[in-house]
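A short write-up of the structure that comes next.
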Amino acid sequence: MRKRSVTVRVARWSALHPGHAVIGWLVFVVLCLGGGIAAGMNSATSEDFRVGEAGRAEALATEGGVQLRPTEQVLISARSGPLDKAAADAAVKDITARMKSLPEVASVAAPVESADGRVLRVQVELNGPDQDGKKNVVPLQAQTEQAEKAHPDLVIEETGAASVSKGVNDQRGEDLAFSETITLPITLITLALVFGSVVMVGVPLLLAVTSIMATMGLAMLASHLLPDTGVGMNMILLIGMAVGVDYTLFYLKREREERARAGGRLTSEALVEAAAATAGRAIVVSGLAVIVSTAALYLAGDVIFDSLATGTILVVAVAVISSVTVLPALLVKLGKRAERRAAKRLAQGKPVKTYGEKKPGRAWNALLAPARKRPALTLCLSVLAMLGLALPALNMELKDPARDSFSRDIPAMQGYDRLLDAFPEQRIRHQVVVRASAEQAGEVTRALRDLDRRAAADPLFSHPSKAPVLRSSEDRRTTTLELNAPHATYSKKAVASLDHLRDDHLPATVGKLPGVETAVTGEVPRGTDYVEHQNQKLPLVLGFLLLMTFAMTVFAFRSVVLGLLGIVLNLLSAASALGLLVLVFQGKWAEELLSFISLGGISSRVPLFLFVILFGLSMDYQVFVVSRIREAALNGVPTPQAVIQGIGSSAKVVTSAAIVMVTVFASFVMLHIVEMKQMGFVLAVAVLLDAVVIRIMILPAALLLLGRATWWPSRAIRRAEEQAAERYGAHGTMGVPESPEAAEDRPLSGHWAEPRAARRG
């Protein structure tokens with residue numbers, strides 16, 4: 001008898017001790033969540049986000065105490081007609097007094113009047129770094145609201161990076177709640193159609209929700225090793241619901257298949273063990289593939305990707321644990337309940353309806369017909385179609401999403417638009433940071449004034465009438481200059497102004513001084529340097545991802561051919577999804593349809609995130625589909641026949657899993673944040689293409705054409721086919737192997753006889 005795997009042994013224990021398994025799982029969830037709450041969340045600081053020259057400039061400025069601080073703008077305008085000067089002056093005095101009384105405020109500047117005289121602007125500088133701004137701005141917003149009530153004839157509103165960040169955070173929370181209200185009903189309907197049982201529908205959702213709760217606690221603990229950036233929890237919800245339901249769905253489906261084949265000859269414990277030998281192993285391999293693939297994000301050297309990777313890895317690991325530990329216990333409980341009901345009906349002389357696994361219907365046979373009848377033609381046409389979808393990706397422009405792209409439903413963004421209408425020079429600011437010896441302070445100041453004059457003559461910069469904004473550290477070693485430009489933060493002109501500053505104006509002025517260190521930071525430099533940083537890391541991450549995907553596939557199926565095929569198919573689906581993403585989001589035609597403001601490009605984090613997550617999630621389908629094919633082939637079924645049987649038997653459950661994933665991801669398209677829209681859209685499209693085109697058209701066609709070469713260099717399939725031919729040929733079956741269904745109908749012996757599925761491996 002073959003030694004049982006760890007997955008089977010764990011499932012066996014859980015099946016024999018269902019009460020202990022369920023209680024143990026609940027205790028685990030409570031401990032994780034309680035421990036996380038007790039430890040609290042360790043959020044990333046400004047230092048964690050520093051990248052490239054902009055990060056170096058921020059470090060220099062912070063060391064000298066002259067760094068850019070969060071700045072809020074309070075706008076004062078009339079509700080109707082021209083602005084009353086006396087009323088406006090009174091409001092300015094009131095606001096200034098209110099703001100100066102707050103410990104969060106560092107300074108309040110004198111009011112500035114707009115060119116048309118209709119708006120007054122009061123600049124308020126906050127204490128602390130940028131990352132604390134969204135927390136420290138709350139008292140300021142409260143004082144602004146009170147000031148507006150005290151001056152009912154005026155419109156008094158506040159905007160700035162801190163208030164916008166707080167508004168985005170609040171909106172993100174509302175969006176996630178809205179997303180859950182969409183995904184849960186569709187998930188329920190999908191599961192009900194698959195199982196036809198309300199009780200069975202509740203099991204996947206229960207495990208998914210408890211897995212997410214446990215992961216949230218673990219993520220809080222993990223944040224003390226890798227700081228959280230606020231996006232980790234989003235990924236836990238996004239990925240947790242998708243894989244949590246999917247893993248449970250695959251296990252449930254296999255248990256019901258085993259129940260149908262046993263025809264009442266095995267107990268619920270034995271059926272769960274049989275399912276663990278196949279679906280349980282597949283879940284573990286699939287989960288490991290997602291974890292290993294997602295770990296590639298750590299190579300990006302970016303705190304945001306670290307947070308995304310940590311959340312994803314934790315929730316997948318917890319979902320796998322729940323599927324192989326507590327799920328068998330729940331299935332035994334439900335199975336025994338069904339057995340008692342059946343026994344009661346039999347005692348009453350009533351008929352008992354037995355579960356019968358339905359074979360693929362006409363729709364699935366029609367979908368698989370092209371690959372089965374004309375594999376070469378189907379493969380060529382499908383690949384050409386996918387390549388056609390990928391073509392727009394050749395024109396993809398990567399950009400870092402900035403404040404201009406945020407939803408105008410946020411009050412601070414409405415104020416931001418009015419600020420820019422009245423003061424267009426406030427759109428962006430570049431901070432030039434210079435480090436030199438104290439003896440060179442005079443030379444540095446003169447060079448920076450020269451730099452300011454050059455920028456004022458450059459049409460890409462604003463042309464201020466006031467003196468340049470120069471700040472020096474106490475030791476006179478660090479000096480900064482602020483320059484403004486009237487362009488959208490993600491526009492080409494904004495980037496061009498930075499290029500002019502770094503490549504032309506700076507080298508011609510301060511850059512000429514000996515022994516001087518210079519760097520430029522600001523919102524545009526941060527975004528530009530971040531995109532460049534991601535582009536530099538992309539080959540490393542992608543190379544690691546391809547290598548690990550290949551290694552995991554070879555490990556799972558002992559086939560180099562399948563490893564190479566998996567890489568090609570994943571690249572094909574990712575490229576096609578990126579092409580559609582560029583087609584929809586890089587232009588402006590879909591702005592009103594999907595309610596977003598186009599960046600004129602794609603968020604720089606989306607392609608890398610897509611490759612990593614898609615390569616991991618696509619292993620779900622790869623493992624579950626190919627494992628069914630391999631299972632049939634190991635039973636002696638010729639590879640072409642095994643391909644059709646395996647894909648046909650897994651078609652319904654794979655499609656149901658894809659529907660759940662697509663629904664979860666597509667719900668993010670309805671969110672307000674354009675980056676989350678892009679992530680949700682590209683993942684939904686990629687999973688849909690992977691489940692429909694790749695797994696139904698391209699994969700079966702390729703495997704049919706490859707035949708037995710699919711399994712190279714493993715010889716297990718060849719031996720299985722030869723042994724089956726000899727065995728069945730000797731019994732007069734003309735060498736035609738027995739089907740898996742017929743094999744399962746042969747009598748079983750022993751209450752706890754090892755299931756045939758487990759012996760087949």
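Starting from 1 in every chain, residues are counted up; chains themselves are A, B, ... following the order of the structure tokens, and ligands are numbered from 1 as listed.
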Name the residues of region 459-701 of chain A that come out as helix (DSSP H, G or I) in a backbone DSSP run; write them as a count of residues only. 175
What's around Leu249 (chain A) at 10 Å? Count only C-alpha atoms, leave out sequence neighbours fewer than 4 positions away in its own chain, and write the answer as an MDAnalysis selection string. chainID A and resid 191 194:195 200:201 203:205 243:245 253:255 279 323 653:654 656:657
Pull N, CA, C and O atoms from the residues just selected and write them as a JSON list (two decimals), in the first residue's frame.
[["chain", "number", "residue", "atom", "x", "y", "z"],
["A", 191, "LEU", "N", -22.30, 29.51, -6.80],
["A", 191, "LEU", "CA", -22.15, 28.30, -6.01],
["A", 191, "LEU", "C", -23.46, 27.51, -5.96],
["A", 191, "LEU", "O", -23.45, 26.27, -5.96],
["A", 194, "VAL", "N", -23.80, 25.52, -9.03],
["A", 194, "VAL", "CA", -22.87, 24.39, -9.09],
["A", 194, "VAL", "C", -23.34, 23.25, -8.20],
["A", 194, "VAL", "O", -23.35, 22.08, -8.61],
["A", 195, "PHE", "N", -23.79, 23.57, -6.98],
["A", 195, "PHE", "CA", -24.10, 22.52, -6.02],
["A", 195, "PHE", "C", -25.59, 22.29, -5.81],
["A", 195, "PHE", "O", -25.98, 21.22, -5.34],
["A", 200, "MET", "N", -24.39, 23.75, 1.10],
["A", 200, "MET", "CA", -23.08, 23.64, 0.45],
["A", 200, "MET", "C", -22.57, 24.99, -0.02],
["A", 200, "MET", "O", -21.36, 25.19, -0.14],
["A", 201, "VAL", "N", -23.46, 25.93, -0.31],
["A", 201, "VAL", "CA", -23.06, 27.27, -0.72],
["A", 201, "VAL", "C", -22.39, 27.99, 0.44],
["A", 201, "VAL", "O", -21.43, 28.74, 0.27],
["A", 203, "VAL", "N", -20.56, 26.83, 2.87],
["A", 203, "VAL", "CA", -19.24, 26.35, 3.27],
["A", 203, "VAL", "C", -18.11, 27.16, 2.63],
["A", 203, "VAL", "O", -17.21, 27.64, 3.34],
["A", 204, "PRO", "N", -18.08, 27.35, 1.29],
["A", 204, "PRO", "CA", -17.01, 28.16, 0.71],
["A", 204, "PRO", "C", -16.95, 29.58, 1.24],
["A", 204, "PRO", "O", -15.87, 30.11, 1.51],
["A", 205, "LEU", "N", -18.12, 30.19, 1.40],
["A", 205, "LEU", "CA", -18.14, 31.57, 1.89],
["A", 205, "LEU", "C", -17.66, 31.65, 3.34],
["A", 205, "LEU", "O", -16.93, 32.57, 3.72],
["A", 243, "VAL", "N", -9.47, 33.18, -4.08],
["A", 243, "VAL", "CA", -8.85, 31.86, -3.90],
["A", 243, "VAL", "C", -9.54, 31.06, -2.81],
["A", 243, "VAL", "O", -9.60, 29.82, -2.88],
["A", 244, "GLY", "N", -10.06, 31.75, -1.78],
["A", 244, "GLY", "CA", -10.74, 31.04, -0.71],
["A", 244, "GLY", "C", -11.93, 30.25, -1.22],
["A", 244, "GLY", "O", -12.11, 29.07, -0.89],
["A", 245, "VAL", "N", -12.74, 30.89, -2.04],
["A", 245, "VAL", "CA", -13.90, 30.21, -2.62],
["A", 245, "VAL", "C", -13.45, 29.16, -3.62],
["A", 245, "VAL", "O", -13.99, 28.05, -3.68],
["A", 253, "LYS", "N", -16.21, 19.82, -5.00],
["A", 253, "LYS", "CA", -16.60, 19.16, -6.24],
["A", 253, "LYS", "C", -16.02, 17.75, -6.31],
["A", 253, "LYS", "O", -16.71, 16.81, -6.71],
["A", 254, "ARG", "N", -14.76, 17.61, -5.90],
["A", 254, "ARG", "CA", -14.15, 16.29, -5.98],
["A", 254, "ARG", "C", -14.77, 15.33, -4.97],
["A", 254, "ARG", "O", -14.95, 14.14, -5.25],
["A", 255, "GLU", "N", -15.13, 15.83, -3.79],
["A", 255, "GLU", "CA", -15.78, 14.98, -2.80],
["A", 255, "GLU", "C", -17.12, 14.47, -3.32],
["A", 255, "GLU", "O", -17.48, 13.30, -3.10],
["A", 279, "ALA", "N", -7.81, 16.42, -5.04],
["A", 279, "ALA", "CA", -8.07, 17.85, -4.94],
["A", 279, "ALA", "C", -7.23, 18.50, -3.86],
["A", 279, "ALA", "O", -6.74, 19.62, -4.02],
["A", 323, "SER", "N", -8.48, 24.82, 3.69],
["A", 323, "SER", "CA", -9.02, 23.83, 2.76],
["A", 323, "SER", "C", -8.58, 22.40, 3.10],
["A", 323, "SER", "O", -9.32, 21.46, 2.83],
["A", 653, "VAL", "N", -16.43, 23.01, -13.01],
["A", 653, "VAL", "CA", -15.90, 23.58, -11.77],
["A", 653, "VAL", "C", -14.88, 24.67, -12.07],
["A", 653, "VAL", "O", -14.82, 25.69, -11.37],
["A", 654, "VAL", "N", -14.07, 24.51, -13.13],
["A", 654, "VAL", "CA", -13.10, 25.53, -13.49],
["A", 654, "VAL", "C", -13.81, 26.80, -13.94],
["A", 654, "VAL", "O", -13.43, 27.92, -13.57],
["A", 656, "SER", "N", -16.83, 27.72, -13.05],
["A", 656, "SER", "CA", -17.46, 28.31, -11.88],
["A", 656, "SER", "C", -16.44, 29.09, -11.06],
["A", 656, "SER", "O", -16.72, 30.20, -10.59],
["A", 657, "ALA", "N", -15.24, 28.51, -10.90],
["A", 657, "ALA", "CA", -14.18, 29.21, -10.18],
["A", 657, "ALA", "C", -13.79, 30.49, -10.90],
["A", 657, "ALA", "O", -13.56, 31.53, -10.27]]
Please return, as a list in words, all residues of region 555-737 of chain A that DSSP assigns to strand (DSSP E or B) on the basis of the backbone.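 Strand (DSSP E or B) members of region 555-737 of chain A, listed: Ser559, Ile602, Ser603 and Pro713 of chain A.
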Would you put the residues from that selection into a file with all heavy atoms, as a PDB file, in the first residue's frame?
ATOM      1  N   SER A 559       7.070  17.173 -15.920  1.00  0.00           N
ATOM      2  CA  SER A 559       7.120  17.361 -17.370  1.00  0.00           C
ATOM      3  C   SER A 559       7.737  18.707 -17.718  1.00  0.00           C
ATOM      4  O   SER A 559       7.217  19.762 -17.335  1.00  0.00           O
ATOM      5  CB  SER A 559       5.707  17.272 -17.970  1.00  0.00           C
ATOM      6  OG  SER A 559       5.706  17.699 -19.311  1.00  0.00           O
ATOM      7  N   ILE A 602      -0.783  53.884 -18.341  1.00  0.00           N
ATOM      8  CA  ILE A 602      -1.153  52.841 -17.398  1.00  0.00           C
ATOM      9  C   ILE A 602      -0.333  53.010 -16.128  1.00  0.00           C
ATOM     10  O   ILE A 602       0.865  53.326 -16.188  1.00  0.00           O
ATOM     11  CB  ILE A 602      -0.909  51.443 -18.011  1.00  0.00           C
ATOM     12  CG1 ILE A 602      -1.690  51.296 -19.322  1.00  0.00           C
ATOM     13  CG2 ILE A 602      -1.294  50.343 -17.039  1.00  0.00           C
ATOM     14  CD1 ILE A 602      -3.191  51.496 -19.202  1.00  0.00           C
ATOM     15  N   SER A 603      -0.961  52.808 -14.980  1.00  0.00           N
ATOM     16  CA  SER A 603      -0.235  52.904 -13.716  1.00  0.00           C
ATOM     17  C   SER A 603       0.958  51.960 -13.737  1.00  0.00           C
ATOM     18  O   SER A 603       0.847  50.793 -14.114  1.00  0.00           O
ATOM     19  CB  SER A 603      -1.161  52.545 -12.555  1.00  0.00           C
ATOM     20  OG  SER A 603      -0.431  52.441 -11.353  1.00  0.00           O
ATOM     21  N   PRO A 713      10.121  14.623 -19.689  1.00  0.00           N
ATOM     22  CA  PRO A 713      10.816  13.344 -19.888  1.00  0.00           C
ATOM     23  C   PRO A 713      10.276  12.198 -19.045  1.00  0.00           C
ATOM     24  O   PRO A 713      10.888  11.130 -19.023  1.00  0.00           O
ATOM     25  CB  PRO A 713      12.240  13.683 -19.471  1.00  0.00           C
ATOM     26  CG  PRO A 713      12.056  14.674 -18.360  1.00  0.00           C
ATOM     27  CD  PRO A 713      10.840  15.482 -18.722  1.00  0.00           C
TER      28      PRO A 713
END
Can you measure CA of Ser77 (chain A) to CA of Ser107 (chain A) for me? One decimal in Å is fine.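 That distance, rounded to one decimal, is 22.1 Å.
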Work out how far apart CA of Ala666 (chain A) and CA of Arg605 (chain A) are and give it in Å to one decimal.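 Computing the Euclidean distance for CA of Ala666 (chain A) and CA of Arg605 (chain A) yields 18.0 Å.
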When you draw a straight line from CA of Phe544 (chain A) to CA of Leu617 (chain A), how long is it in Å? 16.3 Å
Contacts of Trp25 (chain A) at 12 Å (only C-alpha atoms; same-chain gap of 2+ positions) as a VMD selection string: chain A and resid 14 18 to 23 27 to 32 206 to 207 210 to 211 213 to 214 318 to 319 321 to 330
As a ChimeraX atom specification, please: the residues near Asp404 (chain A) (cut-off 8 Å, only C-alpha atoms, same-chain neighbours under 4 positions excluded). /A:488-490
From the list A:Asn395, A:Ser576, A:Thr509, A:Gln645, the nearest residue to Ala633 (chain A) using only C-alpha atoms is A:Gln645
